[in-house]
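Everything below belongs to upload_8.csv, which stores CSV, C-alpha atoms.
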chain,number,residue,atom,x,y,z
I,200,MET,CA,210.1,43.7,158.8
I,201,ARG,CA,206.7,42.0,159.5
I,202,ARG,CA,204.9,45.1,158.6
I,203,ARG,CA,206.7,45.3,155.3
I,204,ALA,CA,205.9,41.7,154.5
I,205,GLN,CA,202.3,42.5,155.2
I,206,MET,CA,202.4,45.4,152.8
I,207,GLU,CA,203.9,43.3,150.0
I,208,MET,CA,201.3,40.7,150.6
I,209,ALA,CA,198.6,43.4,150.2
I,210,GLY,CA,200.3,44.5,147.0
I,211,LEU,CA,200.2,40.9,145.6
I,212,VAL,CA,196.5,40.6,146.6
I,213,VAL,CA,195.7,43.8,144.7
I,214,ILE,CA,197.5,42.5,141.6
I,215,VAL,CA,195.7,39.2,141.8
I,216,ILE,CA,192.3,41.0,142.2
I,217,LEU,CA,193.2,43.2,139.1
I,218,ILE,CA,194.1,40.2,137.0
I,219,THR,CA,190.9,38.3,138.1
I,220,LEU,CA,188.8,41.4,137.2
I,221,GLY,CA,190.5,41.5,133.8
I,222,ILE,CA,189.8,37.8,133.1
I,223,LEU,CA,186.2,38.2,134.2
I,224,PHE,CA,185.8,41.2,131.9
I,225,MET,CA,187.3,39.3,129.0
I,226,ALA,CA,185.1,36.2,129.7
I,227,GLN,CA,182.0,38.4,129.7
I,228,PHE,CA,183.0,39.9,126.4
I,229,ALA,CA,183.8,36.5,124.8
I,230,LEU,CA,180.6,34.8,126.1
I,231,LYS,CA,178.3,37.5,124.9
I,232,ASP,CA,174.9,36.2,123.8
I,233,GLU,CA,173.8,35.7,120.2
I,234,PRO,CA,172.3,38.9,118.9
I,235,ASP,CA,168.5,39.0,119.0
I,236,LYS,CA,168.2,39.6,115.2
I,237,ASN,CA,169.4,36.1,114.4
I,238,ILE,CA,166.8,34.5,116.7
I,239,PHE,CA,164.1,36.8,115.2
I,240,THR,CA,164.9,35.9,111.6
I,241,ARG,CA,165.2,32.2,112.3
I,242,LYS,CA,161.9,32.1,114.1
I,243,GLU,CA,160.0,34.0,111.4
I,244,LEU,CA,161.8,31.9,108.7
I,245,ALA,CA,160.6,28.6,110.3
I,246,ALA,CA,157.0,29.9,110.4
I,247,SER,CA,156.9,31.4,106.9
I,248,THR,CA,158.6,28.3,105.4
I,249,MET,CA,156.1,25.9,107.0
I,250,ALA,CA,153.1,28.0,106.0
I,251,ALA,CA,154.4,28.1,102.4
I,252,VAL,CA,155.0,24.4,102.2
I,253,MET,CA,151.6,23.5,103.7
I,254,LYS,CA,149.7,25.8,101.5
I,255,MET,CA,151.5,24.9,98.3
I,256,THR,CA,149.5,23.2,95.5
I,257,VAL,CA,151.1,20.6,93.3
I,258,THR,CA,150.9,20.4,89.5
I,259,GLY,CA,151.4,17.2,87.5
I,260,CYS,CA,149.4,14.8,89.7
I,261,THR,CA,147.2,12.1,88.3
I,262,GLU,CA,144.3,10.2,89.8
I,263,GLY,CA,142.9,11.8,93.1
I,264,THR,CA,140.0,14.2,93.3
I,265,ALA,CA,141.8,17.6,93.1
I,266,GLN,CA,143.4,18.7,89.9
I,267,PHE,CA,146.1,20.7,91.8
I,268,PRO,CA,146.2,19.0,95.2
I,269,GLN,CA,147.4,20.9,98.2
I,270,ILE,CA,150.3,19.6,100.3
I,271,GLU,CA,148.5,19.8,103.6
I,272,GLY,CA,144.8,19.4,102.8
I,273,ASP,CA,145.2,16.6,100.1
I,274,LEU,CA,148.6,14.9,100.0
I,275,LEU,CA,149.5,14.9,103.7
I,276,ASP,CA,146.0,13.6,104.4
I,277,ASP,CA,146.4,10.9,101.8
I,278,CYS,CA,149.8,9.9,103.2
I,279,ALA,CA,148.4,9.8,106.8
I,280,VAL,CA,145.5,7.6,105.7
I,281,PHE,CA,147.2,5.2,103.3
I,282,GLY,CA,150.9,5.4,104.2
I,283,ASP,CA,153.2,3.5,101.7
I,284,VAL,CA,150.6,0.8,101.0
I,285,HIS,CA,148.4,2.7,98.6
I,286,SER,CA,147.8,6.2,97.4
I,287,ASN,CA,145.0,8.1,95.9
I,288,TYR,CA,147.4,10.6,94.3
I,289,ILE,CA,150.3,9.9,92.0
I,290,CYS,CA,152.4,13.0,91.6
I,291,GLU,CA,155.4,13.0,89.3
I,292,GLY,CA,155.1,9.3,89.2
I,293,LYS,CA,155.3,8.8,92.9
I,294,PRO,CA,152.7,8.0,95.6
I,295,SER,CA,151.8,10.8,98.0
I,296,CYS,CA,154.2,9.8,100.9
I,297,GLU,CA,157.2,9.3,98.6
I,298,PHE,CA,156.4,12.5,96.7
I,299,LEU,CA,156.1,14.6,99.9
I,300,GLN,CA,159.4,13.2,101.2
I,301,PHE,CA,161.1,14.0,97.9
I,302,LYS,CA,159.5,17.4,97.1
I,303,ILE,CA,159.7,18.9,100.6
I,304,GLU,CA,163.3,17.9,101.0
I,305,GLU,CA,164.1,19.3,97.5
I,306,LEU,CA,162.5,22.7,98.2
I,307,LEU,CA,164.0,23.0,101.7
I,308,ASP,CA,167.5,22.0,100.5
I,309,GLN,CA,167.3,24.6,97.7
I,310,THR,CA,166.4,27.3,100.2
I,311,LEU,CA,167.3,26.6,103.9
I,312,GLY,CA,170.1,24.3,102.9
I,313,VAL,CA,171.7,26.8,100.6
I,314,TRP,CA,171.5,29.5,103.3
I,315,GLY,CA,173.4,27.2,105.7
I,316,LYS,CA,170.5,26.4,107.9
I,317,LYS,CA,169.8,22.9,109.3
I,318,TYR,CA,166.3,21.8,109.6
I,319,HIS,CA,164.0,18.9,110.2
I,320,PHE,CA,160.4,18.4,109.3
I,321,VAL,CA,158.1,15.9,111.1
I,322,SER,CA,154.5,14.8,110.6
I,323,GLU,CA,153.1,12.5,113.2
I,324,MET,CA,149.8,11.0,114.3
I,325,VAL,CA,148.8,12.8,117.6
I,326,SER,CA,147.1,9.6,118.9
I,327,ASN,CA,150.2,7.5,119.1
I,328,ASN,CA,153.1,9.9,118.2
I,329,GLU,CA,153.9,7.7,115.3
I,330,GLU,CA,156.0,9.6,112.8
I,331,PHE,CA,155.0,8.9,109.2
I,332,LEU,CA,157.1,11.6,107.6
I,333,TYR,CA,160.5,12.7,108.7
I,334,ILE,CA,162.7,14.9,106.6
I,335,ASP,CA,166.1,16.4,107.4
I,336,GLY,CA,168.6,18.1,105.2
I,337,TYR,CA,171.4,15.7,105.8
I,338,ASN,CA,173.4,15.1,102.6
I,339,ALA,CA,175.5,11.9,103.0
I,340,VAL,CA,177.8,12.9,100.1
I,341,THR,CA,178.8,16.4,101.3
I,342,GLY,CA,178.3,15.6,105.0
I,343,THR,CA,176.4,18.9,105.4
I,344,GLY,CA,173.0,19.7,106.9
I,345,GLY,CA,171.4,17.5,109.4
I,346,HIS,CA,168.6,17.6,112.0
I,347,CYS,CA,168.1,20.1,114.8
I,348,GLN,CA,167.7,17.6,117.7
I,349,ASP,CA,169.8,18.6,120.7
I,350,ARG,CA,170.5,22.1,119.3
I,351,VAL,CA,169.2,25.6,119.9
I,352,ARG,CA,166.4,25.5,117.4
I,353,ASP,CA,163.3,27.5,116.4
I,354,THR,CA,160.0,26.0,115.6
I,355,SER,CA,157.3,26.9,113.1
I,356,GLY,CA,154.7,26.0,115.7
I,357,ASP,CA,152.4,23.0,115.3
I,358,PHE,CA,150.2,22.6,112.2
I,359,TYR,CA,147.3,20.4,112.9
I,360,LEU,CA,145.3,18.5,110.2
I,361,PRO,CA,142.2,16.4,111.0
I,362,SER,CA,142.9,13.6,108.5
I,363,GLY,CA,140.8,10.5,107.7
I,364,ASN,CA,143.1,8.5,110.1
I,365,GLY,CA,143.0,10.9,113.1
I,366,LEU,CA,144.7,14.2,114.0
I,367,VAL,CA,148.0,14.9,112.4
I,368,ARG,CA,150.6,17.2,113.8
I,369,SER,CA,153.3,18.7,111.5
I,370,VAL,CA,156.2,20.9,112.6
I,371,LEU,CA,159.4,22.3,111.1
I,372,TYR,CA,162.5,23.0,113.2
I,373,VAL,CA,165.2,25.4,111.9
I,374,CYS,CA,168.6,25.8,113.5
I,375,GLU,CA,172.1,27.1,112.7
W,209,MET,CA,227.2,54.8,152.8
W,210,LYS,CA,225.1,51.9,153.9
W,211,ARG,CA,222.2,54.2,154.3
W,212,THR,CA,222.5,55.5,150.7
W,213,LYS,CA,222.6,52.0,149.3
W,214,ARG,CA,219.4,51.1,151.1
W,215,GLY,CA,217.8,54.2,149.8
W,216,GLN,CA,218.9,53.3,146.2
W,217,VAL,CA,217.3,49.8,146.7
W,218,HIS,CA,214.1,51.4,147.9
W,219,MET,CA,214.1,53.8,144.9
W,220,SER,CA,214.6,50.8,142.5
W,221,GLU,CA,211.8,49.0,144.1
W,222,THR,CA,209.5,51.9,143.8
W,223,ILE,CA,210.4,52.4,140.2
W,224,ALA,CA,209.8,48.7,139.5
W,225,VAL,CA,206.4,48.8,141.2
W,226,LEU,CA,205.5,52.0,139.4
W,227,PHE,CA,206.6,50.5,136.1
W,228,ILE,CA,204.5,47.4,136.6
W,229,PHE,CA,201.6,49.6,137.7
W,230,PHE,CA,201.8,51.7,134.5
W,231,ILE,CA,202.2,48.5,132.4
W,232,LEU,CA,199.0,47.2,133.9
W,233,VAL,CA,197.2,50.5,133.3
W,234,LEU,CA,198.4,50.5,129.7
W,235,PHE,CA,197.2,47.0,129.1
W,236,GLY,CA,193.8,48.0,130.7
W,237,SER,CA,193.6,51.1,128.4
W,238,ILE,CA,194.4,49.1,125.3
W,239,PHE,CA,191.9,46.4,126.2
W,240,TYR,CA,189.2,48.9,126.9
W,241,TYR,CA,189.9,50.8,123.6
W,242,LYS,CA,189.7,47.5,121.7
W,243,TYR,CA,186.5,46.5,123.5
W,244,SER,CA,184.9,49.9,122.8
W,245,GLU,CA,185.9,49.6,119.1
W,246,VAL,CA,184.5,46.1,118.8
W,247,SER,CA,181.4,47.1,120.7
W,248,PHE,CA,180.8,50.1,118.5
W,249,ASN,CA,181.2,48.0,115.3
W,250,GLN,CA,178.8,45.4,116.8
W,251,GLN,CA,176.3,48.1,117.5
W,252,GLN,CA,176.6,49.4,113.9
W,253,ASP,CA,176.1,45.8,112.6
W,254,GLU,CA,173.0,45.4,114.8
W,255,LEU,CA,171.5,48.7,113.6
W,256,PHE,CA,172.2,47.6,110.0
W,257,ALA,CA,170.7,44.2,110.6
W,258,ARG,CA,167.7,45.8,112.2
W,259,ARG,CA,167.3,47.9,109.1
W,260,ALA,CA,167.4,44.8,107.0
W,261,ILE,CA,164.7,43.2,109.1
W,262,ASP,CA,162.5,46.3,109.0
W,263,THR,CA,162.8,46.5,105.3
W,264,THR,CA,161.9,42.8,105.0
W,265,THR,CA,158.9,43.1,107.3
W,266,LYS,CA,157.7,46.1,105.3
W,267,THR,CA,158.0,44.1,102.1
W,268,LEU,CA,156.2,41.0,103.6
W,269,PHE,CA,153.2,43.2,104.6
W,270,LEU,CA,153.1,45.4,101.6
W,271,PRO,CA,149.5,45.7,100.4
W,272,GLU,CA,150.8,46.1,96.8
W,273,LEU,CA,152.0,42.5,97.0
W,274,LEU,CA,150.0,40.7,99.7
W,275,CYS,CA,147.3,38.1,98.9
W,276,SER,CA,143.9,39.6,99.6
W,277,LYS,CA,140.4,38.1,99.5
W,278,GLY,CA,137.9,40.9,99.3
W,279,ASP,CA,137.3,42.3,102.7
W,280,ALA,CA,138.8,39.3,104.5
W,281,GLU,CA,142.1,39.5,106.3
W,282,ALA,CA,145.2,39.3,104.0
W,283,GLU,CA,147.0,35.9,103.9
W,284,GLN,CA,150.3,36.0,105.7
W,285,PHE,CA,153.6,35.3,103.9
W,286,CYS,CA,151.8,35.3,100.6
W,287,PHE,CA,152.3,37.3,97.4
W,288,ASP,CA,149.7,37.6,94.7
W,289,MET,CA,151.3,36.7,91.3
W,290,MET,CA,149.1,39.2,89.5
W,291,LYS,CA,150.2,42.0,91.7
W,292,LEU,CA,153.8,40.8,91.6
W,293,LYS,CA,153.9,40.9,87.8
W,294,SER,CA,152.9,44.5,87.7
W,295,ALA,CA,154.8,45.6,90.8
W,296,GLU,CA,158.0,46.4,88.8
W,297,SER,CA,156.3,49.1,86.8
W,298,VAL,CA,154.3,50.4,89.8
W,299,PHE,CA,157.5,50.7,91.9
W,300,ALA,CA,159.4,52.4,89.1
W,301,ASP,CA,156.6,54.9,88.5
W,302,ASN,CA,156.6,55.9,92.2
W,303,LYS,CA,160.3,55.9,93.0
W,304,ASN,CA,160.3,58.7,95.5
W,305,TYR,CA,157.5,57.1,97.5
W,306,TYR,CA,159.2,53.8,97.7
W,307,PHE,CA,162.6,55.3,98.4
W,308,ASN,CA,161.1,56.8,101.6
W,309,MET,CA,160.0,53.4,102.5
W,310,PHE,CA,162.9,51.2,101.6
W,311,SER,CA,165.9,53.6,101.2
W,312,TYR,CA,168.8,51.9,99.5
W,313,ALA,CA,167.8,48.3,98.9
W,314,LYS,CA,167.1,45.6,96.4
W,315,ILE,CA,164.0,43.4,96.6
W,316,THR,CA,163.7,40.3,94.4
W,317,VAL,CA,161.2,37.5,94.4
W,318,LYS,CA,162.1,34.1,92.9
W,319,GLN,CA,159.7,31.3,92.2
W,320,TYR,CA,161.0,27.8,93.0
W,321,TYR,CA,157.8,25.9,92.5
W,322,PRO,CA,156.1,25.2,90.1
W,323,GLU,CA,159.2,25.2,87.9
W,324,VAL,CA,159.0,27.7,85.1
W,325,PRO,CA,159.5,26.3,81.6
W,326,ASP,CA,162.6,27.5,79.7
W,327,GLY,CA,162.3,31.1,78.6
W,328,GLY,CA,159.7,32.0,81.2
W,329,THR,CA,160.3,34.4,84.1
W,330,ASP,CA,160.9,33.1,87.5
W,331,THR,CA,162.6,36.1,89.1
W,332,TRP,CA,161.1,39.6,89.6
W,333,THR,CA,163.2,42.5,90.8
W,334,ILE,CA,160.5,44.7,92.2
W,335,TYR,CA,162.7,47.4,93.7
W,336,ASP,CA,166.4,48.2,93.1
W,337,ASN,CA,168.1,51.3,94.4
W,338,GLN,CA,171.8,50.7,94.9
W,339,LYS,CA,173.9,53.1,96.9
W,340,PRO,CA,176.7,54.4,94.7
W,341,ASP,CA,179.4,54.2,97.4
W,342,THR,CA,178.1,51.2,99.2
W,343,THR,CA,180.5,49.4,101.5
W,344,LYS,CA,178.3,46.7,102.9
W,345,THR,CA,175.2,44.7,101.8
W,346,LYS,CA,173.1,42.4,103.9
W,347,PRO,CA,170.7,40.0,102.3
W,348,THR,CA,167.7,38.6,104.2
W,349,TYR,CA,165.7,35.7,102.9
W,350,PHE,CA,162.1,34.8,103.5
W,351,ILE,CA,160.0,32.0,102.0
W,352,VAL,CA,156.6,33.0,100.7
W,353,THR,CA,153.6,31.4,99.0
W,354,LEU,CA,152.9,32.7,95.5
W,355,LYS,CA,149.2,32.8,94.8
W,356,ASP,CA,148.2,32.4,91.2
W,357,GLU,CA,144.5,33.3,90.5
W,358,SER,CA,145.0,32.7,86.7
W,359,GLN,CA,145.4,28.9,87.3
W,360,GLN,CA,142.5,27.6,89.2
W,361,SER,CA,141.4,24.2,90.4
W,362,ASN,CA,137.8,23.8,91.5
W,363,GLY,CA,137.5,27.6,91.8
W,364,GLU,CA,140.4,27.7,94.1
W,365,PRO,CA,143.7,29.5,93.2
W,366,THR,CA,147.0,27.5,93.0
W,367,TYR,CA,149.8,28.3,95.3
W,368,GLY,CA,153.5,28.2,94.4
W,369,PHE,CA,156.7,28.3,96.5
W,370,GLY,CA,159.0,31.3,96.3
W,371,VAL,CA,161.7,33.3,98.1
W,372,VAL,CA,161.8,37.0,98.7
W,373,THR,CA,165.3,38.4,99.0
W,374,VAL,CA,165.8,41.8,100.5
W,375,GLU,CA,169.3,43.3,100.3
W,376,VAL,CA,170.0,46.5,102.1
W,377,TYR,CA,173.0,48.7,101.3
W,378,SER,CA,175.0,50.7,103.8
Write the structure described by the file as structure tokens, please.
Amino acid sequence: MRRRAQMEMAGLVVIVILITLGILFMAQFALKDEPDKNIFTRKELAASTMAAVMKMTVTGCTEGTAQFPQIEGDLLDDCAVFGDVHSNYICEGKPSCEFLQFKIEELLDQTLGVWGKKYHFVSEMVSNNEEFLYIDGYNAVTGTGGHCQDRVRDTSGDFYLPSGNGLVRSVLYVCE
Amino acid sequence: MKRTKRGQVHMSETIAVLFIFFILVLFGSIFYYKYSEVSFNQQQDELFARRAIDTTTKTLFLPELLCSKGDAEAEQFCFDMMKLKSAESVFADNKNYYFNMFSYAKITVKQYYPEVPDGGTDTWTIYDNQKPDTTKTKPTYFIVTLKDESQQSNGEPTYGFGVVTVEVYS
């Protein structure tokens, strides 16, 4: 009788082991990592987007020295030096900082935003980490978009600009 | 008589155990089959996505479109507008050559900045070869700079903002 009880116990143990193995197998299947291709495209996307934004030249600017000022070399430099107080460039009727805020957000919303990516763009002074330009895709009306803080995100890498006010670091983060 | 009944009980027990065992085996088989099926589809999707990425990479580094400066290294993620405007005819004239490179795909470039005035062209379809019985398409987007040598400022070209869309067909 005791031996039979032992055998039944062993049978139960086998069933429990089988069920545990099944659950582990299912969990492994369910928690499979994100495919590499998504990571690859997002990383390259952040780098190419930032390179394009920084290199872009702007038409329709008055004052300033350059006829078609470049975002990084002219407008970002101007914004870092003068901030909201004054601007050497007036583009589409806006001073450099306001124009950059508006134009970069518009372009990124038309592209990354439409493709369902979240992003945030930061330009800061390296000396004191003071952010003078912060753009994220959050749309208060639709409630979509938003920044990539506290998320798995990819970076464009740092873009450094020696401005008249010190070294400026700009970076773009893209996430799902 | 007593002995026969005990035998019958044993027999029922054995049958019940075997039944449960086979049910478990059946569940296992169904699960494994489903897993293999999903895994196979996932693998197919990954191969398809890899093809999309390969095609995009080839497009981004195509000398026929890349911004070049004499012997200097080509500018990354940059298309030359002059090359872009004539690319459509170049690609159409050398269909077989580009089919070997891109297979069934569609490549378009759209200019977002500077805005093109009404009536102007802001989208160029440089390659379009759709598969007749296509079941799946996968678009991949990349942002590029559009260099325009025809509009210069202090001897330097102007740069626009555009998107290259590569759709591959399966």
*Which value, in Å to one decimal, gives the distance between atom CA of W:Phe307 and atom CA of W:Phe248?*
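Rounded to one decimal, the two atoms are 27.6 Å apart.
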Taking only residues of chain I that have an atom at most 6 Å from an atom of chain W, what is each one's shortest atom pair and its distance in Å to one decimal, using all atoms listed in the file, in chain and number order, as CSV?
residue,atom,partner,partner_atom,distance
I:Leu244,CA,W:Phe350,CA,6.0
I:Ser247,CA,W:Ile351,CA,5.8
I:Thr248,CA,W:Ile351,CA,5.2
I:Ala251,CA,W:Thr353,CA,4.8
I:Met255,CA,W:Tyr367,CA,4.8
I:Thr256,CA,W:Tyr367,CA,5.1
I:Gln266,CA,W:Ser361,CA,5.9
*In Å, how far is it from atom CA of I:Val321 to atom CA of I:Arg352?*
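Atom CA of I:Arg352 lies at a distance of 14.2 Å from atom CA of I:Val321.
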*Contacts of W:Tyr335 within 10 Å, all atoms listed in the file, excl. fewer than 3 positions in-chain, as a list in words*: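 My list of contacting residues is Ala295, Glu296, Ser297, Val298, Phe299, Ala300, Lys303, Tyr306, Phe307, Phe310, Tyr312, Ala313, Lys314, Ile315, Thr316, Trp332, Gln338 and Val374 of chain W.
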Contacts of W:Cys275 at 6 Å or less, counting only C-alpha atoms, minus same-chain residues fewer than 4 places along, as a compact mmCIF listing (two decimals) with C-alpha atoms, in the coordinates of the input?
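Final output, part-v4.txt:
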# COMPACT_ATOMS: atom_id res chain seq x y z
CA ALA W 282 145.20 39.30 104.00
CA GLU W 283 147.00 35.90 103.90
CA CYS W 286 151.80 35.30 100.60
CA PHE W 287 152.30 37.30 97.40
CA ASP W 288 149.70 37.60 94.70
